[in-house]
>>> print(open('data_17.pdb').read())   # PDB, C-alpha atoms
ATOM      1  CA  MET C   1     -99.561 -49.821 -51.197
ATOM      2  CA  SER C   2     -99.970 -46.092 -51.660
ATOM      3  CA  LYS C   3     -97.930 -44.266 -54.265
ATOM      4  CA  ARG C   4     -96.420 -42.101 -51.515
ATOM      5  CA  VAL C   5     -95.081 -45.122 -49.563
ATOM      6  CA  GLU C   6     -93.745 -46.669 -52.756
ATOM      7  CA  LYS C   7     -92.012 -43.408 -53.678
ATOM      8  CA  ASN C   8     -90.475 -43.092 -50.197
ATOM      9  CA  ARG C   9     -89.098 -46.626 -50.408
ATOM     10  CA  ARG C  10     -87.521 -45.915 -53.772
ATOM     11  CA  SER C  11     -85.983 -42.722 -52.421
ATOM     12  CA  VAL C  12     -84.102 -44.554 -49.629
ATOM     13  CA  LYS C  13     -80.563 -45.014 -50.887
ATOM     14  CA  ARG C  14     -78.977 -48.360 -50.385
ATOM     15  CA  PRO C  15     -75.348 -48.268 -49.219
ATOM     16  CA  SER C  16     -72.832 -48.682 -52.002
ATOM     17  CA  SER C  17     -70.511 -51.662 -52.208
ATOM     18  CA  GLU C  18     -67.643 -49.408 -51.093
ATOM     19  CA  GLN C  19     -69.624 -48.241 -48.057
ATOM     20  CA  ILE C  20     -70.480 -51.816 -47.088
ATOM     21  CA  GLU C  21     -66.837 -52.857 -47.317
ATOM     22  CA  ALA C  22     -65.769 -49.814 -45.300
ATOM     23  CA  VAL C  23     -68.194 -50.718 -42.510
ATOM     24  CA  ILE C  24     -66.967 -54.319 -42.451
ATOM     25  CA  ILE C  25     -63.283 -53.349 -42.441
ATOM     26  CA  SER C  26     -63.825 -50.748 -39.731
ATOM     27  CA  THR C  27     -65.626 -53.279 -37.532
ATOM     28  CA  VAL C  28     -62.928 -55.903 -38.099
ATOM     29  CA  CYS C  29     -60.215 -53.410 -37.093
ATOM     30  CA  GLU C  30     -62.117 -52.443 -33.944
ATOM     31  CA  ASP C  31     -62.579 -56.082 -32.962
ATOM     32  CA  LEU C  32     -58.938 -56.907 -33.623
ATOM     33  CA  LEU C  33     -57.807 -54.108 -31.336
ATOM     34  CA  GLU C  34     -60.355 -54.851 -28.629
ATOM     35  CA  HIS C  35     -60.533 -58.644 -28.626
ATOM     36  CA  GLY C  36     -57.697 -60.018 -30.778
ATOM     37  CA  PHE C  37     -57.616 -62.294 -33.814
ATOM     38  CA  ARG C  38     -59.314 -65.311 -32.280
ATOM     39  CA  ALA C  39     -62.508 -63.445 -31.415
ATOM     40  CA  VAL C  40     -63.058 -62.105 -34.923
ATOM     41  CA  THR C  41     -65.323 -64.301 -37.057
ATOM     42  CA  ILE C  42     -67.516 -63.863 -40.107
ATOM     43  CA  GLU C  43     -70.510 -64.505 -37.860
ATOM     44  CA  SER C  44     -69.519 -61.876 -35.285
ATOM     45  CA  ILE C  45     -68.879 -59.238 -37.940
ATOM     46  CA  SER C  46     -72.206 -60.030 -39.612
ATOM     47  CA  ALA C  47     -74.027 -59.728 -36.285
ATOM     48  CA  LYS C  48     -72.381 -56.417 -35.387
ATOM     49  CA  THR C  49     -72.784 -54.757 -38.759
ATOM     50  CA  GLY C  50     -76.138 -56.216 -39.777
ATOM     51  CA  ILE C  51     -74.572 -57.244 -43.081
ATOM     52  CA  ALA C  52     -75.498 -60.729 -44.229
ATOM     53  CA  LYS C  53     -72.811 -63.410 -44.084
ATOM     54  CA  THR C  54     -73.428 -64.149 -47.760
ATOM     55  CA  SER C  55     -72.586 -60.543 -48.571
ATOM     56  CA  ILE C  56     -69.330 -60.804 -46.609
ATOM     57  CA  TYR C  57     -68.424 -64.100 -48.270
ATOM     58  CA  ARG C  58     -68.947 -62.507 -51.698
ATOM     59  CA  ARG C  59     -66.099 -60.149 -50.836
ATOM     60  CA  TRP C  60     -63.749 -62.446 -48.933
ATOM     61  CA  PRO C  61     -63.581 -66.254 -49.150
ATOM     62  CA  ASN C  62     -62.823 -66.688 -45.442
ATOM     63  CA  LYS C  63     -61.960 -64.968 -42.180
ATOM     64  CA  ALA C  64     -58.244 -64.912 -42.928
ATOM     65  CA  ALA C  65     -58.709 -62.965 -46.165
ATOM     66  CA  MET C  66     -61.086 -60.502 -44.492
ATOM     67  CA  VAL C  67     -58.763 -59.894 -41.547
ATOM     68  CA  MET C  68     -55.744 -59.659 -43.839
ATOM     69  CA  GLU C  69     -57.264 -56.783 -45.768
ATOM     70  CA  ALA C  70     -58.279 -55.027 -42.563
ATOM     71  CA  PHE C  71     -54.810 -55.593 -41.153
ATOM     72  CA  LEU C  72     -53.095 -54.187 -44.231
ATOM     73  CA  LEU C  73     -55.312 -51.104 -44.215
ATOM     74  CA  LYS C  74     -54.712 -50.602 -40.500
ATOM     75  CA  ILE C  75     -50.975 -51.158 -40.447
ATOM     76  CA  GLY C  76     -50.253 -49.785 -43.925
ATOM     77  CA  PRO C  77     -49.760 -46.098 -43.079
ATOM     78  CA  GLY C  78     -47.402 -47.015 -40.253
ATOM     79  CA  ILE C  79     -45.069 -49.145 -42.341
ATOM     80  CA  GLU C  80     -44.467 -46.878 -45.299
ATOM     81  CA  PHE C  81     -40.854 -45.917 -45.893
ATOM     82  CA  PRO C  82     -40.435 -42.469 -44.314
ATOM     83  CA  ARG C  83     -38.560 -39.769 -46.178
ATOM     84  CA  ASN C  84     -35.076 -39.403 -44.771
ATOM     85  CA  PRO C  85     -31.737 -38.106 -46.094
ATOM     86  CA  SER C  86     -30.331 -41.554 -45.335
ATOM     87  CA  TYR C  87     -31.936 -44.485 -47.139
ATOM     88  CA  VAL C  88     -30.577 -46.865 -44.519
ATOM     89  CA  GLU C  89     -32.273 -44.826 -41.800
ATOM     90  CA  SER C  90     -35.500 -44.939 -43.785
ATOM     91  CA  ILE C  91     -35.238 -48.743 -43.908
ATOM     92  CA  ARG C  92     -34.530 -48.869 -40.167
ATOM     93  CA  LEU C  93     -37.561 -46.751 -39.301
ATOM     94  CA  GLN C  94     -39.817 -48.829 -41.549
ATOM     95  CA  ASP C  95     -38.443 -52.063 -40.094
ATOM     96  CA  ALA C  96     -39.161 -50.809 -36.577
ATOM     97  CA  GLY C  97     -42.684 -49.762 -37.576
ATOM     98  CA  PHE C  98     -43.329 -53.171 -39.092
ATOM     99  CA  GLY C  99     -42.084 -54.964 -35.993
ATOM    100  CA  GLN C 100     -44.275 -52.829 -33.758
ATOM    101  CA  GLY C 101     -47.320 -52.879 -36.010
ATOM    102  CA  ILE C 102     -47.938 -56.615 -36.195
ATOM    103  CA  PRO C 103     -48.221 -57.373 -32.460
ATOM    104  CA  ARG C 104     -49.944 -54.105 -31.599
ATOM    105  CA  THR C 105     -52.532 -54.402 -34.338
ATOM    106  CA  LEU C 106     -53.322 -58.034 -33.598
ATOM    107  CA  ARG C 107     -52.879 -57.786 -29.808
ATOM    108  CA  LEU C 108     -50.068 -60.314 -29.642
ATOM    109  CA  ASP C 109     -47.883 -60.562 -26.587
ATOM    110  CA  ASP C 110     -44.117 -60.045 -26.864
ATOM    111  CA  GLN C 111     -43.666 -63.678 -27.858
ATOM    112  CA  GLY C 112     -46.363 -63.756 -30.542
ATOM    113  CA  ALA C 113     -48.065 -66.504 -28.536
ATOM    114  CA  PRO C 114     -51.425 -66.658 -30.376
ATOM    115  CA  TRP C 115     -49.652 -67.720 -33.553
ATOM    116  CA  ARG C 116     -47.836 -70.802 -32.301
ATOM    117  CA  SER C 117     -50.016 -73.106 -34.347
ATOM    118  CA  PRO C 118     -49.518 -74.627 -37.826
ATOM    119  CA  VAL C 119     -53.208 -73.960 -38.567
ATOM    120  CA  ARG C 120     -52.953 -70.263 -37.737
ATOM    121  CA  TRP C 121     -49.741 -70.001 -39.717
ATOM    122  CA  ARG C 122     -51.372 -71.600 -42.757
ATOM    123  CA  ASN C 123     -54.584 -69.576 -42.514
ATOM    124  CA  TRP C 124     -53.165 -66.168 -41.732
ATOM    125  CA  LEU C 125     -49.446 -65.448 -41.562
ATOM    126  CA  ARG C 126     -48.477 -67.501 -44.591
ATOM    127  CA  PRO C 127     -51.017 -65.798 -46.896
ATOM    128  CA  PHE C 128     -49.974 -62.417 -45.521
ATOM    129  CA  ALA C 129     -46.294 -63.210 -46.023
ATOM    130  CA  LEU C 130     -46.858 -64.411 -49.592
ATOM    131  CA  VAL C 131     -49.513 -61.979 -50.796
ATOM    132  CA  GLY C 132     -49.966 -59.037 -48.473
ATOM    133  CA  SER C 133     -46.298 -58.115 -48.349
ATOM    134  CA  LEU C 134     -45.466 -58.415 -52.060
ATOM    135  CA  PRO C 135     -46.136 -54.757 -53.005
ATOM    136  CA  ARG C 136     -44.120 -53.612 -49.988
ATOM    137  CA  ARG C 137     -41.334 -55.993 -50.903
ATOM    138  CA  GLU C 138     -41.007 -54.292 -54.267
ATOM    139  CA  ALA C 139     -41.042 -50.894 -52.550
ATOM    140  CA  ALA C 140     -38.338 -52.102 -50.167
ATOM    141  CA  LYS C 141     -36.198 -53.231 -53.097
ATOM    142  CA  GLU C 142     -36.379 -49.747 -54.568
ATOM    143  CA  VAL C 143     -35.226 -48.193 -51.285
ATOM    144  CA  ILE C 144     -32.342 -50.655 -50.999
ATOM    145  CA  GLN C 145     -31.339 -49.926 -54.595
ATOM    146  CA  SER C 146     -31.391 -46.211 -53.752
ATOM    147  CA  ALA C 147     -29.153 -46.908 -50.752
ATOM    148  CA  ILE C 148     -26.753 -48.743 -53.040
ATOM    149  CA  ARG C 149     -26.705 -45.865 -55.529
ATOM    150  CA  ASN C 150     -26.130 -43.494 -52.614
ATOM    151  CA  LYS C 151     -23.153 -45.662 -51.566
ATOM    152  CA  GLU C 152     -24.701 -46.463 -48.183
ATOM    153  CA  LEU C 153     -24.811 -50.175 -49.008
ATOM    154  CA  ARG C 154     -22.444 -52.390 -50.968
ATOM    155  CA  PRO C 155     -23.035 -52.591 -54.744
ATOM    156  CA  ASP C 156     -23.058 -56.401 -54.641
ATOM    157  CA  VAL C 157     -25.955 -56.662 -52.148
ATOM    158  CA  ASN C 158     -28.464 -59.333 -53.165
ATOM    159  CA  LEU C 159     -31.855 -57.620 -52.808
ATOM    160  CA  ASP C 160     -33.932 -60.712 -52.049
ATOM    161  CA  GLN C 161     -31.448 -62.057 -49.527
ATOM    162  CA  ALA C 162     -31.225 -58.667 -47.814
ATOM    163  CA  LEU C 163     -35.018 -58.448 -47.508
ATOM    164  CA  ASP C 164     -35.270 -62.008 -46.197
ATOM    165  CA  ALA C 165     -32.696 -61.179 -43.534
ATOM    166  CA  LEU C 166     -34.347 -57.876 -42.591
ATOM    167  CA  TYR C 167     -37.932 -59.114 -42.402
ATOM    168  CA  GLY C 168     -37.979 -62.911 -42.503
ATOM    169  CA  TRP C 169     -37.135 -63.263 -38.834
ATOM    170  CA  LEU C 170     -40.363 -61.439 -37.905
ATOM    171  CA  TYR C 171     -42.522 -64.119 -39.529
ATOM    172  CA  TYR C 172     -40.316 -66.851 -38.070
ATOM    173  CA  ARG C 173     -40.726 -65.576 -34.530
ATOM    174  CA  LEU C 174     -44.452 -65.120 -34.973
ATOM    175  CA  MET C 175     -44.752 -68.660 -36.261
ATOM    176  CA  ILE C 176     -42.830 -70.489 -33.527
ATOM    177  CA  GLY C 177     -42.533 -67.917 -30.754
ATOM    178  CA  SER C 178     -38.751 -68.205 -30.547
ATOM    179  CA  GLY C 179     -38.229 -64.717 -29.126
ATOM    180  CA  PRO C 180     -39.649 -61.261 -28.538
ATOM    181  CA  LEU C 181     -40.792 -58.657 -31.036
ATOM    182  CA  SER C 182     -39.693 -55.809 -28.797
ATOM    183  CA  ASP C 183     -38.241 -52.517 -30.029
ATOM    184  CA  ALA C 184     -34.829 -53.533 -28.689
ATOM    185  CA  CYS C 185     -34.964 -56.828 -30.566
ATOM    186  CA  VAL C 186     -35.860 -55.128 -33.852
ATOM    187  CA  ARG C 187     -33.057 -52.609 -33.353
ATOM    188  CA  ASP C 188     -30.422 -55.235 -32.543
ATOM    189  CA  ILE C 189     -31.291 -57.563 -35.422
ATOM    190  CA  PHE C 190     -31.495 -54.659 -37.871
ATOM    191  CA  SER C 191     -28.052 -53.451 -36.810
ATOM    192  CA  ALA C 192     -26.586 -56.944 -37.133
ATOM    193  CA  VAL C 193     -27.966 -57.371 -40.663
ATOM    194  CA  LEU C 194     -26.979 -53.878 -41.821
ATOM    195  CA  ASP C 195     -23.419 -54.344 -40.557
ATOM    196  CA  GLY C 196     -23.022 -56.983 -43.238
ATOM    197  CA  LEU C 197     -24.628 -54.865 -45.977
ATOM    198  CA  ARG C 198     -22.912 -51.517 -45.473
ATOM    199  CA  VAL C 199     -20.079 -50.226 -47.609
ATOM    200  CA  ARG C 200     -16.868 -51.192 -45.853
ATOM    201  CA  LYS C 201     -14.537 -48.326 -45.090
ATOM    202  CA  ASP C 202     -10.816 -49.003 -45.269
TER     203      ASP C 202
END
>>> encode(input="data_17.pdb", output="structure tokens")
Amino acid sequence: MSKRVEKNRRSVKRPSSEQIEAVIISTVCEDLLEHGFRAVTIESISAKTGIAKTSIYRRWPNKAAMVMEAFLLKIGPGIEFPRNPSYVESIRLQDAGFGQGIPRTLRLDDQGAPWRSPVRWRNWLRPFALVGSLPRREAAKEVIQSAIRNKELRPDVNLDQALDALYGWLYYRLMIGSGPLSDACVRDIFSAVLDGLRVRKD
């Protein structure tokens, strides 16, 4: 091998670990939007990106973990708590964004049909509910506490119970398909829950 060829090979930069992960995540997001959760596999992502399956498995133990990270990155900006003079309104807007983001990102129908399976619940929604949402749960607690300090909500509101009521029904409906995830549904359930949390006026 000539010295020139050897030098040229050394000069070719290999993609960094961050670049590899970015390519994988981007491809996963594209496939989720175009084909839905079922069509996304480690094998399909490896084939499309040219990244070895072993390299993908070094980063994520399974498909669920890989898709979860892509999902959180995709939906994350849309479910932040928006700045608003009213903390309750900020919670409402975030709740609506969360309800819209799950089905639209994963191409679910109004009933969440693709998730009516104990296996899918165990492999995807349950890990997301337990792990992926924890940082946002803490952020939500801070907003609720601010609403309490601002006298928008009662001082005796139990934070964990309030969050379970505001968001738990989303996971429940995704798991068993008991009802829609429409904008109207999110609005009605949010209003019903908040009616019980607001400061009562005499």
>>> residues_around(input="data_17.pdb", residues="Val28 of chain C", least_positions_apart="3", cutoff="7 Å", atoms="only C-alpha atoms", output="VMD selection string")
chain C and resid 24 to 25 31 to 32 40 45 67 70
>>> axis_aligned_box(input="data_17.pdb", around="segment 132-151 of chain C", padding_each_side="5 Å", output="JSON")
{"center_x": -36.6, "center_y": -51.3, "center_z": -51.9, "size_x": 36.8, "size_y": 25.5, "size_z": 17.2}
>>> atom_distance(input="data_17.pdb", atom1="atom CA of Thr41 of chain C", atom2="atom CA of Lys63 of chain C")
6.2 Å
>>> resolve_selection(input="data_17.pdb", expression="the PyMOL selection byres ((chain C and resi 83-95) around 7)", output="number ranges by chain")
C: 79-82, 96-99, 143, 146-147, 152, 190
>>> atom_distance(input="data_17.pdb", atom1="atom CA of Ile42 of chain C", atom2="atom CA of Arg59 of chain C")
11.4 Å
>>> closest_residue(input="data_17.pdb", among="C:Ile20, C:Phe37, C:Leu153, C:Ser46", to="Val199 of chain C", atoms="only C-alpha atoms")
C:Leu153
>>> atom_distance(input="data_17.pdb", atom1="atom CA of Gly179 of chain C", atom2="atom CA of Tyr167 of chain C")
14.4 Å
>>> closest_residue(input="data_17.pdb", among="C:Ile56, C:Leu181, C:Val193, C:Met68", to="Gln161 of chain C", atoms="all atoms listed in the file")
C:Val193
>>> closest_residue(input="data_17.pdb", among="C:Thr49, C:Asn158, C:Asn62, C:Asn150", to="Glu30 of chain C", atoms="all atoms listed in the file")
C:Thr49
